[in-house]
Amino acid sequence: MPLTSLREQLVRTLRFTRGVPGRFVVGADGEIVLFLRGRTGDDPVTCLWALDVASGRERLLADPVRLLGAGPSGRRGRVGGVEAYGTDAAAGVVAFALGGGLWTVDSGKGEPRRLPVLGPVLDPRPDPTGRRIAYVSHGGLRVVETDGAGDRSVARTPTSGVEFGIAPHTAATSLDDARGHWWSPDGNHLLFARTDSTRVRPWPTAATTAGPAADPAVDPAVDPAGGGDRADGIDSPDLTAPGDPDREVRRTALAGTPNPDVTLWLSDLDDPPVQVSWDRVAYEYVVGAGWDTRGPWALVQSRDQRTVRFLGIDPDDGRTAVLDEQRDACWVHLVPGLPARTASGALLAHHDTSGTRHLTWDGTDVTPRGLQLRAVLGTDGDDVLFTATDEPTETHLWSYGPKSGLRQLSSGPGVHSGARSGGTLVRVTRDAERPGGRAAVLRAGRPAVTVLSYAERPVVDVRAEHFVLGPRALRARLHLPSWHRRGSGPLPVLVDSYGGAALQRVTAELDSRVLLAQWFAEQGCAVLTTDGSGTPGRGPGWEREVHGDLFGPVLDDQVSALREAARRCPDLDLGRVAFRGWSFGGALAALAVLRRPDVFHAAVAGAGVTDQRLYHAHWRERFLGHPDMYPERYDACDLLRDAPRLTRPLLLIHGLADTNVPPVNTLRLSAVLKAAGRPHELLILPGIGHQPIGSTVTRQLLERQVDFLRRHLGVEPPRSAF
């Protein structure tokens, strides 16, 4: 097996995401399907395509290389692709941002045209009638006619830190990216957000964040890798992210700190906008908004996230009325695509019982017990398209309508999704066959049309077995080396789990993380991945097990799964176990060797949150509450307090350009370990963000981890295997 080539393939294919069709939009009449895809499996430039449903033929609508005049194909990597686009209701007028400019194209004919507007352009959205395009530029919201005439400002401010047309927390309910402006169906009005971040504290850096104690030896501005500890990548005590021009002004609300002040406004494009009114003291989060045939609406949430209100907005004066309210003792879950209203005005929402998340139609459950709602993908008349889970490793495509009833639209193991309009369904299936899966366009009375995928086939063959472990029925996947035969000798174990809320690792889908787990197995170990407490797909009660304690139940499940897997497969050597994780999994890996050194003998911890106060307020307070009200919860999850107890080898890794988890989390942990005299290793990656796999440092990053495992776990493949 060509082990070294997978590393190059991960970089070349950007973790097997290139050449995969995605971002499907179906026209209102169902006759055209738009999507994004590169020309090959290693093409870094994403193009815009159209598929004619009647003929099954694809047409290239926009090739960024040709449009920007980048020259030969060898220069494609210098051109940014089309990452997002918007359309009118018929999907006839398409707008996209490219090279900082605003471009339009008629999906039925014609060439793309760059409009003469002020750039750089973000989030262009044609109105449903196709007459105008709204877009964001320099923090202001602007509108231009689709022919390029009449470019004008709808809302702008000279104040730094104030932006229009952007609402960050709407990402929780959006099906793609966060939204901040929404057209009325007639294209004559806009609902938009004003986000004031001036009261939000700057993004923390090692130089600006106070240490965990007054002891200057724990000052994170001091090189945390001194005193004989092994370190890489640090050239000076200035640990801000190099190459980031906004590093001094980036503002993200951390747990317990002020949030951005988000307000909503209504505009008729000519007169001064009208502010939408609601109790913003009690409901400070705007987590969704929109405008349908029943009028504009907003979804607002309390700071403690235990109450969510669906508000109807009067388009004339901005007054609001509560149309629906949800409450929960822990937190109200936000479902992508909800709330929504059908053509007849029925309100779609969800209802959580202890065991099931149901889809509701005007307050009535329309999905059965045990079927877990995942997302609502859209409505087509009064029919609702959604995804739901029965078996936790699979997600299927479903439809419900008052006349058609409940129907499952996908079959076979996999993670299924799709889009539908005008009677045409795009069904996307991601299974174990190949990364990226496959997509089919289905319309009654016509043959299915396959949307081509150019994703490369991996050079690594996966040898994995799926388990349901223990009394909690933990879903797990065990990778063994291709050259290993059962009973031929003990293998060290690498636990490679995320383990926490929001992300499943054990599914029926083949992706880069599965391939990477197999790659580590080929180095000479068994790799075990387990989805435990708090992970999606097991119901509301399972998700809320981590309320108040992010790590305790999760770590217990990882230990239980490891022991049960060893009982099933005696080749696993429980005397040599390491934990490798990233993000939440990185914090869990570090905690594993700090709190359970009797089970875990080494750990590789990447980009983890070590001080829970140093993470996004909206996400962290969902599970732990406000730190002023529940300081004991934050203290119990604070890795810095456990650091002086380290007795096992630990490799810490973090990219300095990480905009998800502040790098100071890892740097402070290293500083506390150094102050306590606890040897450890630190790998700092300048200019690298939260996801380093697929970047230029992939090879060195993986080699460093394998070297660590060989030194501390005895991981070594037999020479005969190569």
# chains A, B, ... in the order shown; residues from 1 in each chain; ligands from 1
call {"tool": "select_by_dssp", "arguments": {"residues": "range 440-551 of chain A", "states": "strand (DSSP E)", "output": "PyMOL selection string"}}
result
chain A and resi 440-443+449-451+464-469+474-479+491-496+526-531
call {"tool": "residues_around", "arguments": {"residues": "range 470-485 of chain A", "least_positions_apart": "4", "cutoff": "8 Å", "atoms": "only C-alpha atoms", "output": "list in words"}}
result
Pro392, Thr393, Val462, Arg463, Ala464, Glu465, His466, Val506, Ala517, Gln518, Ala521, Glu522, Gln523, Gly524, Cys525, Ala526, Val527, Leu528, Thr529, Thr530, Asp531, Gly532, Asp557, Ser560, Ala561, Glu564 and Ala721 of chain A
call {"tool": "residues_around", "arguments": {"residues": "range 594-604 of chain A", "least_positions_apart": "3", "cutoff": "6 Å", "atoms": "only C-alpha atoms", "output": "PyMOL selection string"}}
result
chain A and resi 577-580+589+591+646+648-651
call {"tool": "closest_residue", "arguments": {"among": "A:Arg7, A:Arg486, A:Arg633, A:Arg613", "to": "Phe551 in chain A", "atoms": "only C-alpha atoms"}}
result
A:Arg633
call {"tool": "select_by_dssp", "arguments": {"residues": "range 483-715 of chain A", "states": "alpha helix (DSSP H)", "output": "PyMOL selection string"}}
result
chain A and resi 512-522+540-543+552-568+584-595+617-624+631-636+639-642+664-675+698-713
call {"tool": "residues_around", "arguments": {"residues": "Thr379 in chain A", "least_positions_apart": "4", "cutoff": "8 Å", "atoms": "only C-alpha atoms", "output": "list of chain:residue names"}}
result
A:Thr342, A:Asp383, A:Val384, A:Leu385, A:Arg420, A:Ser421
call {"tool": "closest_residue", "arguments": {"among": "A:Gly585, A:Pro202, A:Pro718, A:Gly500", "to": "Glu545 in chain A", "atoms": "only C-alpha atoms"}}
result
A:Gly500
call {"tool": "residues_around", "arguments": {"residues": "range 690-700 of chain A", "least_positions_apart": "3", "cutoff": "7 Å", "atoms": "only C-alpha atoms", "output": "list of chain:residue names"}}
result
A:Arg7, A:Leu10, A:Val11, A:Leu14, A:Arg15, A:Ala607, A:Gly655, A:Asp658, A:Thr659, A:Asn660, A:Glu703, A:Arg704
call {"tool": "closest_residue", "arguments": {"among": "A:Ser344, A:Thr263, A:Thr104, A:Ser453", "to": "Asp380 in chain A", "atoms": "only C-alpha atoms"}}
result
A:Ser344
call {"tool": "atom_distance", "arguments": {"atom1": "CA of Glu8 in chain A", "atom2": "CA of Leu491 in chain A"}}
result
26.7 Å
call {"tool": "closest_residue", "arguments": {"among": "A:Asp177, A:Ser411, A:Leu191, A:Phe386", "to": "Asp314 in chain A", "atoms": "only C-alpha atoms"}}
result
A:Leu191
call {"tool": "closest_residue", "arguments": {"among": "A:Asp549, A:Asp352, A:Asp270, A:Asp511", "to": "His333 in chain A", "atoms": "only C-alpha atoms"}}
result
A:Asp352
call {"tool": "atom_distance", "arguments": {"atom1": "CA of Leu371 in chain A", "atom2": "CA of Leu359 in chain A"}}
result
9.4 Å
call {"tool": "residues_around", "arguments": {"residues": "Leu397 in chain A", "least_positions_apart": "2", "cutoff": "12 Å", "atoms": "only C-alpha atoms", "output": "MDAnalysis selection string"}}
result
chainID A and resid 371:378 384:390 394:395 399:400 406:420 425:430
